[in-house]
Each structure stands twice: as structure tokens, then as C-alpha cells.
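All remarks here apply to the structure that follows.
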Amino acid sequence: MGNSYLARKVVQAFLTLLFVLSVNFLLFRAMPGSAERILLRNPHISPEQLQTQRERWGLDKPVFPDQLIDYFVATTQLDLGYSFQFRGQHVTDVIAAKIWPTVLLIGVGEVIAILLGLALGAYTGWRRGGPIDYGGTSLALILYSMPSFWLGMILLIVFSTSLGLFPGHGMVTPGLTTTDPLARLADLLGHLILPGITYSIGYIGQYSLVMRSSIIEVLAEDYVQTARAKGMTEGRILRSHALPNALLPTVTLIAINLGYIWAGAITVEEVFSWPGLGTLTVDALGSRDYPVLQGIFLILSVSVIVANLVADVVYSRLDPRVRT
Amino acid sequence: MTGAILTPGQLRAERWRLRAAGLRSFVRRFASHPAGVVGVVIIIVFGVMAIAPSVLVGPFETPTRPSGLPFAPPSATHVLGADEQGRDVLNLVVHGARISLLVGLLASAITVLLGATVGIVAGFFGGRTDAILMRITDFFLILPTFVLALVLAPIIVDVFGVGTEFFGMRITLIAIILVIGVTSWASTARIIRSQALSVKERAFVDRARVIGAGSGRIMFNHILPNVMSLIVANTVLVIASSILTETTLSFVGLGDPQSPTWGTTLHYAQVTGAPGSGAWWYTAAPGVAIVLVVLAFTLIGNALDDTLNPKLSARK
């Protein structure tokens, strides 16, 4: 049951991964700092040395398929090359050092955004046309039109620079000496508040708009009409009929949306100097560190592909209709 | 038209009469969306800024001849204060309108051209062509295309050389326009395809084929006009998201310092520490301009969608 559906989804995820790898491979050939061009640019290099280097890098082999295969093999062994900016360091190590701050920020931000966004959307959709719907929908539209980094800059000015309520820079207070784990946790949470709020506010608007239209669609269904005819209270219709059915498409949309959240995440990290992948991305851009940039694109793509696959599997468990 | 035979002249006059009536009814229906009208007014204001910025705030201030002191707060002479070099922020924001809008419009043109072409071709041919094109579309829908744009933009600039200009536009801006277009066409393609699928089943497509019209001709003369209303509404929404993407790309440092958009101005506000030193005017002004323009295009797009495609948006 449903095995062909799952198999198809796995094949699709695999194809997407191949596409990402091919794009990365092509970019690596096109970019101005590629191995070939760096070798040719050096005037002191002898033809023999050049040849040895070409052999070592596999550049004397045909681009297709040999170099492509080499690239695929190296990537599956997590060999993403070397960073230009941090001399000698593996791209994998550079990225690995920055992953956890980003996971923390996005994890907390997403959970808040999903919970508040879905609640706001469900309420405004249910009370369509009321004052809260009008206010909530207008607010969601304005938030949707707002670059999240700009919101972050404004929050930083108000709550950090002017009021001094929260730190607006980094993840830990510089020179923090205490070893008390609770004090360290409190310090971390204090630093997390502003970027976390900025990140989630940006997506509350989007998620609530999706949930709102989903609820409105479900409320027009025949089974809701039937429930009403049976004399069920409005609150119970919402809880046991409308909400579960409206949640399904919303969850899928949130999963698809995962590819889009990075624009917000990267810039919010930059505003608050949060030491994660976003700040690393902006630094790498500044120094044109292409191997690191491509590594980040690869790792984010893989995470999005996996998240979508998980969402598809969960969806097919919750809603048997899609397993066709 | 009651079955009487019309002369070509009368036919032409009749056609124009119908078109004028259609336009009048469109304007009337659009005007019944107050939010859409507000959007149009906002865009007209920013359009005036884009066309004649020097009339409004004087010539563009370059870093070499600033009119104020660095980080000067708002005052009578500098209503929105000054930036880190002492340039008037109001001057920067008004002069930023032209380049911000231009980049947004051109990027949207590429996005919609790519998306509509892929959508119409996939919907019309169906079968294997459709399957392959939609698989590629899905790649672009799912993947973090913003990050791809981030990697692509500097590569394009480096390949052509930093100083290159095409049609009087600097390569930095062209790279931004190209990467937005190349990475954001997928949702347009999906929307247009679904409409093209239903249009091609209509009788006039079969009739055109029977009288010997080729595929290209059918797609251009018969499918395209029938998906046009969707394309128009979608284009306006795409402009909103293109401007947002441009802002974000410029904010992380990919913009052109010599033709600053609002995003570029925010980039310099960030790197010179304006938020941390309390220079709220420097940060607030460009951001408000972005929010207003993006909001205006979104409102117009939603109103157009309601007006042009009433059936599709009936449930909203």
C-alpha cells in the first residue's frame, strides 16, 4: 500500500539532488577562480608542473563524463574542496562549524512562526470579515511586503540601541566568564530573542495567509454543511472538521516554502552578527569564496530535499487520498 | 449584431466600440477594489520620483560633494537626516526609486517571459515535453533558489569583468536582473501551464489545427491571448517579489555602489553600523520606500486577479 507513491517520491528527490550536483559542477567550471584558470594565470609555472597539476586535478580528462563522475564521487565523500578565504581549510569543516547556530535560530523561529501563523490564520479564516480578520490580513500583507532584515534593523535600533533591553550582536556576551550552565543558557536566550522574533515575524504573515485561505476553502465543503445541519456547534465544527482538513495543505506548503526561508535567514543573521551559515554566506560573498558558497548551496539544497521527502511521507500517512 | 452583414469599416468600428466598452467595464470593476486603487496611487507617486528625481530633490549627491555632516539627524535642511558620508538621505531614497523600479521591472519581464513560455509549451504539447519541463520547474520551486542567485551573480560579474556595461547599464545590475529572472520563473510556469491545459481543449484550437495552423502559430495566436489575463495579474505580483529579491541581494553586498537601489543603501547603513549607532533615519527611510512599493504592487496584483480572473479567485 502506497509503496509506488513512496518510490516515486524517493526517485524525485534523487533526481533533484542530481540536478543540484550538476548545477554546482557547471558553476565550478564557469567560475573565474576555477583550478584550470588559476593554474594558467600563474606565469612562473613550467609546462611540466602544469601537466602534473592537471593530472592531479583530473583536468586532462574530458569534462564529460570523467570530470563529472569525479565530482560526484568527491561530493558523496563530503569532499567539497578548499575555501579561498580560510586558506587550507576544507569547505566541509568551515560549514560544519557554523551549522548549529543556524539550526538553533531557524528551529526556534520556525516553531514560533508556524504556531502563531497557523493560529492567526485559522482564527481570521473562521471569523472572515470580522475586525480581527481585517486587521490580521492587512498586517500579514504588510509583513509579507517587508524585507525581514529591515524589520531586524528597526527592532535592533529600538530594543537594543535605544532601550538597551536585549543584546543585538552575536550569540554570547564577549568576555562571559561564568561557568554556570544556567547563566550561560540565559545569556544565549537573551541573544536569541531579537533575531528569533525578527525571523518568525517575517513568516507569521505568510503562514497565516495560507492557513486562512485553506480554512475558508474547507468551510465551504459539503461535510461542514452536513455537520452544521446535524446541529454541531461552530467551535466543534472548527476543531474536529475544519482544522484537521485545513492543516494538511498548509503543512505541504510550509515544506515547499523551506527553500525560500533562506533569503530571510541569511540576512537576519547578518543584521544581528549571528555566527551561523548566513553570516558565513555574506563573508564568503565579500571575499568571493566560491567553494564555500557552493558548499552552502549544496548543503541547504540537500536539507530542503530531505525535508520535502519527509513532508511527503508524513502527508501520505495522514491523507490516504494522495497515495494513488 | 443581429445577423446583418457588416462592411469591413463597420466591423472595425464595432470592434473598437466593444474594446472601449470592455476597457470601461474593466476600469469600473478595478475601481471597486479600494486597496487596488490605493496601490495605483502609491505607484504613481513613486513613478514620479523615478522619472524626475532631480526636480523633486535636486541632483544626485555623490560621496565627494555631500551636503551635510556624517550621520546628521533629521533637521529642517535634511528632513530625513544624512548618511555616513553626509549625503542627504531623502536625496538618496528619491534617486533610488528609478534604479530600484527599473531592476524590479526588468527582472520581472525575464521571469514572466521564461515562465509563460515554459507554461504554454508544457501545457500545449503535454506528454513527455510536459513531464520534463515540469520536473525542471519543480527543481526551481523546491530548491533554495535565492542561494543559487547569490552564487550566480558574482560569477556573472567576474566573467564579464567588473567595469563592463551593456546598453548603458552596469554589469552588476544586469547580473542581479538575470539571476532574479533565471531563478524565479517556476511558479509563473505552473500557473500558466494549468490554464494552457484547459485552453487547448477548447474547440477553436481544433478548428485552427484543421485549417492547417502549426503548433507555434496556435500557441501564439490562440493559447497566449487566452492566458493573457493570468499573465498580467501574475506579472504585477512578480514585480513585488522581484523588488524584494533585489533588495535582499543588494543588502548582502551584490548591489552597485554607483547606482544605489534602496537595498544598496540599506547595505551601507548596515556595514557602517547605522543601527548600532542609533541612526534610525538612515535605516528607516529606504525600508519604508520598499515596503510601500512592494505592498502597492501586491495590492494591485490581487485586485487585478479579482477583476480579470473572477472565477479563479472566487473563494478568496
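Just remember, in the C-alpha cells the first chain shown is A, the second B, etc., residues are 1-based per chain, and ligands are 1-based in the order shown.
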Exercise for review: Specify as an NGL selection string all residues of chain B found within 8 Å of chain A, counting only C-alpha atoms.
Suggested key: :B and (139 or 141-148 or 150-152 or 154-155 or 158-159 or 240 or 244 or 247-248 or 251-253 or 266 or 270 or 275-278 or 280 or 283-284 or 287 or 290-292 or 294-295 or 298 or 315-316)
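Omitting range 28-45 of chain B and its sequence neighbours fewer than 2 positions away, and counting only C-alpha atoms, the residues within 8 Å are Arg24, Ser25, Phe26, Gly47, Val48, Met49, Leu292, Val293, Leu295, Ala296, Phe297, Thr298, Leu299, Ile300, Gly301, Asn302, Ala303, Leu304 and Thr307 of chain B.
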Check your understanding: In range 57-173 of chain B, what's helix (DSSP H, G or I) per DSSP? Answer as a PyMOL selection string?
Key -> chain B and resi 57+89-125+127-142+145-160+171-173
Exercise for review: Return the single residue from B:Leu102, B:Leu92, B:Val157, B:Val205 that is closest to Thr264 in chain B, with distances computed using only C-alpha atoms.
Suggested key: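 The answer is B:Leu92, which sits nearest to Thr264 in chain B.
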Point to revise | All residues 12 Å or closer to range 171-174 of chain B, only C-alpha atoms, same chain fewer than 6 positions away omitted, as a ChimeraX atom specification | key: /B:99-100,102-104,106-107,110,152-165,180-181,246-247,249-250,253-261,264
Practice item. Give me, please, the distance in Å between CA of Trp185 in chain B and CA of Phe72 in chain A, quoted to one decimal. Key: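 So the two atoms, CA of Trp185 in chain B and CA of Phe72 in chain A, lie 27.7 Å apart.
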Review point. Between CA of Ile192 in chain B and CA of Gly123 in chain B, what is the distance, to one decimal in Å?
Key: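 Answer for the CA of Ile192 in chain B to CA of Gly123 in chain B separation: 8.0 Å.
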Practice item. Give the answer as one residue: which of A:Ile99, A:Leu194, A:Val210, A:Leu116 has the shortest atom-to-atom distance to Gly164 in chain A, using only C-alpha atoms? Key: A:Leu194
**Study point:** One-decimal distance in Å that lies between CA of Thr137 in chain A and CA of Val238 in chain B
**Key:**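 Separation between CA of Val238 in chain B and CA of Thr137 in chain A: 20.0 Å.
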Point to revise | Non-local contacts of range 196-199 of chain B (6 Å; only C-alpha atoms; under 2 positions in same chain excluded) as JSON, numbers by chain | key: {"B": [120, 123, 193, 194, 201, 202]}
Point to revise | Leu114 in chain B environment, 10 Å, only C-alpha atoms, sequence neighbours closer than 6 positions dropped, as a count of residues only | key: 8
